[in-house]
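Engineer: Can you keep this structure in mind? I'll have questions shortly.
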Amino acid sequence: MQAKRPEGFRARRRAGTVGRTVALGSSSHPTGPHTTGVHLGGDGNMALGTSTAAQAYELRFDTGRICLDLLATTHPVERLGSLEVLRAWITGSGLVPPGTSLAHADLSWPAAFRELRGCLGPLVRSRPAPGSPSWDRALSRVNDLARAAPPAPCAVPGDDGALVRCLDAPPGLAALLAAVARDAVDLLTDPVARASLRQCEGDNCPIVYVDTSRGRRRRWCSSEVCGNRERVARHRRRAALTRT
């Protein structure tokens with residue numbers, strides 16, 4: 001069962017597709033395999049212009065939820081340290097349609113998204129703990145942010161005459177935060193989705209994802225990242241045993 005999505009959002013997922021990355025400096029605007037949002041359609045991979053596997057996964061959109069994608073921006077290092085990267089994340093996550101102008105975003109935006117991310121962590125990673133001051137503060141803040149209206153979609157004729165989605169105005173910070181916060185509220189209050197939360201089994205990987213695989217047997221945040229590392233490590237262990 002797919003988890004619920006925030007109001008005004010359109011579900012758009014292909015099962016079993018993970019590991020999409022976003023690259024800065026590309027002229028394309030990605031919409032991910034699981035991304036939900038008011039977007040125009042089309043999938044994209046933007047490369048960061050680097051060659052290593054770790055660098056190729058700078059921005060991850062494979063957790064199954066937009067709020068969990070935001071949590072993933074802490075690994076393996078801080079990703080939302082600049083406005084440029086935040087703009088790429090907002091578009092790559094599907095919060096806005098490809099081509100939406102974010103030129104009005106200012107330096108307060110990364111800090112606001114990091115604050116929301118900090119509130120999501122304890123709510124997603126631990127059991128409900130009412131009465132704990134830090135947990136209560138986090139929940140209160142997420143609820144406060146969710147009260148604002150998310151970006152409003154509208155239908156407009158595309159180049160071929162078919163209706164496509166866009167936003168009725170450039171999105172404000174409060175609207176974007178509300179979309180992520182509402183996704184978190186939906187996740188936290190959906191018993192089926194919450195029961196499907198998993199933490200990656202990769203070494204030192206904190207990424208949490210929704211396991212929608214058959215039999216709920218998904219072990220890694222991404223087969224191409226942590227799964228591949230595990231396979232390489234397993235091969236090296238077998239090779240070492242063979243040599244002894």
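Each chain in the structure tokens gets a letter, A, B, ..., in the order shown, and its residues are numbered from 1; ligands are numbered from 1 in order too.
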Using only C-alpha atoms, which protein or nucleic acid residues come within 9 Å of Arg219 in chain A? Drop anything in the same chain fewer than 5 positions from it, and give the result as a list in words.
Structural biologist: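 The filter keeps Arg198, Gln199, Cys200, Glu201, Gly202, Asp211 and Gly227 of chain A.
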Engineer: Counting only C-alpha atoms, which residue out of A:Cys166, A:Val124, A:Leu86, A:Leu68 sits closest to Gly99 in chain A?
Structural biologist: A:Cys166
Engineer: Taking only C-alpha atoms into account, which of A:Leu116, A:Val180, A:Ala195, A:Ala138 comes nearest Ile66 in chain A?
Structural biologist: A:Val180
Engineer: What does the structure give for the distance between CA of Ser132 in chain A and CA of Leu188 in chain A, in Å to one decimal?
Structural biologist: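 Going from CA of Ser132 in chain A over to CA of Leu188 in chain A covers 16.9 Å.
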Engineer: Pull the strand (DSSP E or B) assignments for range 52-175 of chain A out of DSSP run on the backbone, and list those residues as number ranges by chain.
Structural biologist: A: 60, 153-157, 163-167
Engineer: Can you tell me how far CA of Ala72 in chain A sits from CA of Ser126 in chain A, in Å to one decimal?
Structural biologist: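 Answer for the CA of Ala72 in chain A to CA of Ser126 in chain A separation: 16.1 Å.
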Engineer: Can you list, as a ChimeraX atom specification, all residues belonging to range 20-230 of chain A that DSSP tags as helix (DSSP H, G or I)?
Structural biologist: /A:55-57,66-74,83-92,108-125,133-146,173-189,191-195,214-216,223-230
Engineer: State, in Å with one decimal place, the distance from CA of Ala146 in chain A to CA of Arg182 in chain A.
Structural biologist: 5.1 Å
Engineer: Counting only C-alpha atoms, which of A:Pro171, A:Gly161, A:Gly81, A:Pro150 gets nearest to Ala112 in chain A?
Structural biologist: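 The closest residue to Ala112 in chain A is A:Gly81.
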Engineer: Using only C-alpha atoms for the distances, tell me which of A:Val142, A:Val225, A:Leu80, A:Cys119 is nearest to Val185 in chain A.
Structural biologist: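 Smallest separation from Val185 in chain A among the options: A:Val142.
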